[in-house]
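Enquirer: Structure supplied as model-v5.pdb; contents: PDB, C-alpha atoms.
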ATOM      1  CA  MET A   1       8.440  46.504 -29.305
ATOM      2  CA  ALA A   2       6.487  47.262 -26.102
ATOM      3  CA  PRO A   3       7.990  46.302 -22.721
ATOM      4  CA  ASN A   4       6.571  43.242 -20.944
ATOM      5  CA  PRO A   5       3.787  44.463 -18.588
ATOM      6  CA  ILE A   6       4.288  41.483 -16.228
ATOM      7  CA  PRO A   7       7.015  41.958 -13.573
ATOM      8  CA  ALA A   8       9.886  39.467 -13.892
ATOM      9  CA  ASP A   9       9.244  37.960 -10.423
ATOM     10  CA  HIS A  10       5.710  36.968 -11.524
ATOM     11  CA  LEU A  11       6.775  35.048 -14.633
ATOM     12  CA  ILE A  12       6.453  31.281 -14.648
ATOM     13  CA  ALA A  13       9.796  29.562 -14.153
ATOM     14  CA  PRO A  14      11.082  27.682 -17.186
ATOM     15  CA  PHE A  15      10.777  23.897 -17.270
ATOM     16  CA  GLY A  16      13.416  22.136 -15.230
ATOM     17  CA  ASP A  17      14.062  21.901 -11.530
ATOM     18  CA  ARG A  18      11.491  24.175  -9.838
ATOM     19  CA  ARG A  19      11.593  22.523  -6.396
ATOM     20  CA  SER A  20      11.840  24.885  -3.461
ATOM     21  CA  GLN A  21      13.576  22.404  -1.134
ATOM     22  CA  ARG A  22      17.092  20.999  -1.481
ATOM     23  CA  ARG A  23      17.188  17.336  -2.559
ATOM     24  CA  LEU A  24      19.748  14.797  -1.394
ATOM     25  CA  GLU A  25      21.016  12.049  -3.659
ATOM     26  CA  VAL A  26      20.503   8.582  -2.206
ATOM     27  CA  VAL A  27      23.624   6.452  -2.353
ATOM     28  CA  GLY A  28      22.835   2.782  -1.827
ATOM     29  CA  HIS A  29      19.350   1.549  -1.015
ATOM     30  CA  LEU A  30      16.627   3.498   0.724
ATOM     31  CA  TRP A  31      13.149   2.017   0.866
ATOM     32  CA  GLY A  32       9.837   3.615   1.623
ATOM     33  CA  ALA A  33       6.400   2.178   2.263
ATOM     34  CA  LEU A  34       2.988   2.917   0.862
ATOM     35  CA  ASP A  35      -0.224   2.160   2.686
ATOM     36  CA  ILE A  36      -2.611   1.405  -0.122
ATOM     37  CA  MET A  37      -6.103   0.523   0.975
ATOM     38  CA  GLU A  38      -7.155  -1.667  -1.925
ATOM     39  CA  PRO A  39     -10.133  -4.034  -1.598
ATOM     40  CA  ALA A  40      -9.099  -7.687  -1.394
ATOM     41  CA  ARG A  41     -11.075 -10.918  -1.040
ATOM     42  CA  VAL A  42     -10.416 -12.952   2.102
ATOM     43  CA  VAL A  43      -9.877 -16.581   1.027
ATOM     44  CA  ASP A  44      -9.396 -18.006   4.521
ATOM     45  CA  ILE A  45      -8.503 -16.767   7.987
ATOM     46  CA  SER A  46      -7.289 -18.170  11.316
ATOM     47  CA  LEU A  47      -5.933 -16.849  14.604
ATOM     48  CA  GLY A  48      -2.460 -16.949  13.031
ATOM     49  CA  GLY A  49      -3.062 -15.161   9.764
ATOM     50  CA  VAL A  50      -5.076 -14.631   6.612
ATOM     51  CA  LEU A  51      -4.902 -15.523   2.929
ATOM     52  CA  VAL A  52      -6.253 -12.818   0.627
ATOM     53  CA  GLU A  53      -6.688 -12.450  -3.105
ATOM     54  CA  SER A  54      -5.327  -9.007  -3.892
ATOM     55  CA  PRO A  55      -4.922  -6.912  -7.049
ATOM     56  CA  VAL A  56      -1.616  -5.653  -5.607
ATOM     57  CA  ALA A  57       1.614  -7.664  -5.391
ATOM     58  CA  VAL A  58       3.410  -7.015  -2.114
ATOM     59  CA  PRO A  59       6.957  -8.031  -1.181
ATOM     60  CA  PRO A  60       7.413 -11.068   1.084
ATOM     61  CA  GLY A  61       8.682 -10.112   4.529
ATOM     62  CA  SER A  62       7.094  -6.661   4.455
ATOM     63  CA  GLU A  63       4.827  -5.589   7.304
ATOM     64  CA  GLN A  64       1.554  -3.902   6.458
ATOM     65  CA  PRO A  65      -1.650  -2.921   8.178
ATOM     66  CA  ILE A  66      -4.708  -4.859   7.003
ATOM     67  CA  GLN A  67      -8.217  -3.610   7.585
ATOM     68  CA  LEU A  68     -10.741  -6.400   8.067
ATOM     69  CA  THR A  69     -14.453  -5.835   8.530
ATOM     70  CA  VAL A  70     -16.094  -8.006  11.196
ATOM     71  CA  ASP A  71     -19.801  -7.613  11.915
ATOM     72  CA  GLY A  72     -19.736  -4.304  10.048
ATOM     73  CA  GLN A  73     -16.890  -2.917  12.174
ATOM     74  CA  PRO A  74     -13.430  -2.210  10.714
ATOM     75  CA  ILE A  75     -10.519  -3.826  12.569
ATOM     76  CA  LEU A  76      -6.949  -2.815  11.781
ATOM     77  CA  VAL A  77      -4.403  -5.628  12.092
ATOM     78  CA  ASP A  78      -0.614  -5.450  11.701
ATOM     79  CA  ALA A  79       0.534  -8.318   9.491
ATOM     80  CA  ARG A  80       3.673  -9.658   7.795
ATOM     81  CA  VAL A  81       3.681 -11.068   4.242
ATOM     82  CA  CYS A  82       4.778 -14.733   4.420
ATOM     83  CA  HIS A  83       4.239 -15.723   0.793
ATOM     84  CA  ILE A  84       2.744 -14.503  -2.457
ATOM     85  CA  ARG A  85       1.818 -16.221  -5.711
ATOM     86  CA  ARG A  86       0.032 -15.082  -8.815
ATOM     87  CA  ALA A  87      -3.578 -16.250  -9.025
ATOM     88  CA  PRO A  88      -4.246 -18.502 -12.022
ATOM     89  CA  ILE A  89      -7.311 -16.551 -13.183
ATOM     90  CA  VAL A  90      -7.198 -12.979 -14.446
ATOM     91  CA  ASN A  91     -10.292 -10.970 -13.478
ATOM     92  CA  ALA A  92     -11.447  -8.194 -15.811
ATOM     93  CA  GLY A  93      -8.043  -8.083 -17.473
ATOM     94  CA  ARG A  94      -6.207  -7.499 -14.181
ATOM     95  CA  ALA A  95      -3.800  -9.895 -12.536
ATOM     96  CA  SER A  96      -4.412 -10.841  -8.941
ATOM     97  CA  TYR A  97      -2.258 -12.441  -6.283
ATOM     98  CA  PHE A  98      -2.765 -14.793  -3.357
ATOM     99  CA  VAL A  99      -1.003 -13.168  -0.418
ATOM    100  CA  GLY A 100      -0.453 -15.048   2.839
ATOM    101  CA  TYR A 101      -0.154 -12.804   5.892
ATOM    102  CA  GLU A 102       0.911 -13.716   9.417
ATOM    103  CA  PHE A 103      -0.653 -11.554  12.122
ATOM    104  CA  VAL A 104       1.993  -9.586  14.039
ATOM    105  CA  SER A 105      -0.517  -8.506  16.658
ATOM    106  CA  LEU A 106      -4.053  -9.775  16.977
ATOM    107  CA  PRO A 107      -6.696  -7.351  18.295
ATOM    108  CA  ALA A 108      -9.009  -8.870  20.910
ATOM    109  CA  ALA A 109     -12.091  -8.095  18.785
ATOM    110  CA  LEU A 110     -10.737 -10.189  15.889
ATOM    111  CA  ALA A 111      -9.642 -13.030  18.190
ATOM    112  CA  GLU A 112     -13.138 -13.164  19.713
ATOM    113  CA  ALA A 113     -14.774 -13.193  16.282
ATOM    114  CA  LEU A 114     -12.584 -16.084  15.121
ATOM    115  CA  GLU A 115     -13.104 -18.300  18.192
TER
END
Any chance you could put this one into structure tokens?

Expert:
Amino acid sequence: MAPNPIPADHLIAPFGDRRSQRRLEVVGHLWGALDIMEPARVVDISLGGVLVESPVAVPPGSEQPIQLTVDGQPILVDARVCHIRRAPIVNAGRASYFVGYEFVSLPAALAEALE
């Protein structure tokens, strides 16, 4: 049998743990956040908040940035989820949700557009 022409340090590691960094086990609860820019329909809006129909369910009480487009310009708003309920109609086989957000901070450009 001929010797393997590939040096041992160039062989692919076997399946299993191939991570190069040490991992720590989480004891208890540790939460992360994802910023997912997913298109959502604005149902209604006021100076206090916005109701959107979203394909993504988000947890009540969480804070998330929302990007609204006003006069063709994107405006980023920090908002807190006040309530969420499943929409009664399924669109294209996907569930959607009515999500009520309270604005945490209101940019001047959005306040002007809403007045």

Enquirer: Write out as a PyMOL selection string the residues lying within 8 Å of stretch 70-81 of chain A, counting all atoms listed in the file and excluding same-chain residues fewer than 5 positions away.

Expert: chain A and resi 49+58-65+99-107+109-110+113

Enquirer: Please produce an output containing C-alpha atoms for each residue in the selection, written as an mmCIF file, in the frame of the given file.

Expert:
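Generated file (selection-v6.cif):
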data_model
loop_
_atom_site.group_PDB
_atom_site.id
_atom_site.type_symbol
_atom_site.label_atom_id
_atom_site.label_comp_id
_atom_site.auth_asym_id
_atom_site.auth_seq_id
_atom_site.Cartn_x
_atom_site.Cartn_y
_atom_site.Cartn_z
ATOM 1 C CA GLY A 49 -3.062 -15.161 9.764
ATOM 2 C CA VAL A 58 3.410 -7.015 -2.114
ATOM 3 C CA PRO A 59 6.957 -8.031 -1.181
ATOM 4 C CA PRO A 60 7.413 -11.068 1.084
ATOM 5 C CA GLY A 61 8.682 -10.112 4.529
ATOM 6 C CA SER A 62 7.094 -6.661 4.455
ATOM 7 C CA GLU A 63 4.827 -5.589 7.304
ATOM 8 C CA GLN A 64 1.554 -3.902 6.458
ATOM 9 C CA PRO A 65 -1.650 -2.921 8.178
ATOM 10 C CA VAL A 99 -1.003 -13.168 -0.418
ATOM 11 C CA GLY A 100 -0.453 -15.048 2.839
ATOM 12 C CA TYR A 101 -0.154 -12.804 5.892
ATOM 13 C CA GLU A 102 0.911 -13.716 9.417
ATOM 14 C CA PHE A 103 -0.653 -11.554 12.122
ATOM 15 C CA VAL A 104 1.993 -9.586 14.039
ATOM 16 C CA SER A 105 -0.517 -8.506 16.658
ATOM 17 C CA LEU A 106 -4.053 -9.775 16.977
ATOM 18 C CA PRO A 107 -6.696 -7.351 18.295
ATOM 19 C CA ALA A 109 -12.091 -8.095 18.785
ATOM 20 C CA LEU A 110 -10.737 -10.189 15.889
ATOM 21 C CA ALA A 113 -14.774 -13.193 16.282
#

Enquirer: Hey, can you pull every residue with an atom no more than 8 Å from (-11.7, -15.0, 2.5), using all atoms listed in the file, and send it as an mmCIF file with C-alpha atoms, in the frame of the given file?

Expert:
data_model
loop_
_atom_site.group_PDB
_atom_site.id
_atom_site.type_symbol
_atom_site.label_atom_id
_atom_site.label_comp_id
_atom_site.auth_asym_id
_atom_site.auth_seq_id
_atom_site.Cartn_x
_atom_site.Cartn_y
_atom_site.Cartn_z
ATOM 1 C CA ARG A 41 -11.075 -10.918 -1.040
ATOM 2 C CA VAL A 42 -10.416 -12.952 2.102
ATOM 3 C CA VAL A 43 -9.877 -16.581 1.027
ATOM 4 C CA ASP A 44 -9.396 -18.006 4.521
ATOM 5 C CA ILE A 45 -8.503 -16.767 7.987
ATOM 6 C CA VAL A 50 -5.076 -14.631 6.612
ATOM 7 C CA LEU A 51 -4.902 -15.523 2.929
ATOM 8 C CA VAL A 52 -6.253 -12.818 0.627
ATOM 9 C CA GLU A 53 -6.688 -12.450 -3.105
#

Enquirer: For the atom pair atom CA of A:Ile66 and atom CA of A:Met37, what is the interatomic distance in Å to one decimal place?

Expert: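 We find that atom CA of A:Ile66 and atom CA of A:Met37 lie 8.2 Å from each other.
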
Enquirer: One decimal, in Å: what's the spacing between atom CA of A:Ala92 and atom CA of A:Ser54?

Expert: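 Between atom CA of A:Ala92 and atom CA of A:Ser54 the gap is 13.4 Å.
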
Enquirer: Between atom CA of A:Val56 and atom CA of A:Ala40, what is the spacing in Å?

Expert: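 Atom-to-atom, atom CA of A:Ala40 to atom CA of A:Val56, that is 8.8 Å.
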
Enquirer: Using all atoms listed in the file for the distances, tell me which of A:Ala111, A:Val27, A:Ala57, A:Cys82 is nearest to A:Tyr97.

Expert: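 The shortest atom-to-atom distance to A:Tyr97 comes from A:Ala57.
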
Enquirer: Find the residue from A:Pro55, A:His29, A:Gly48, A:Gln67 that sits nearest to A:Ala95; use only C-alpha atoms when measuring.

Expert: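 Among the listed residues, A:Pro55 lies closest to A:Ala95.
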
Enquirer: Around all of stretch 46-65 of chain A's listed atoms, make the axis-aligned box with 3 Å on each side and tell me centre and edge lengths in Å to one decimal, as AutoDock Vina command-line options.

Expert:
--center_x 0.7 --center_y -10.5 --center_z 3.8 --size_x 22.0 --size_y 21.2 --size_z 27.7
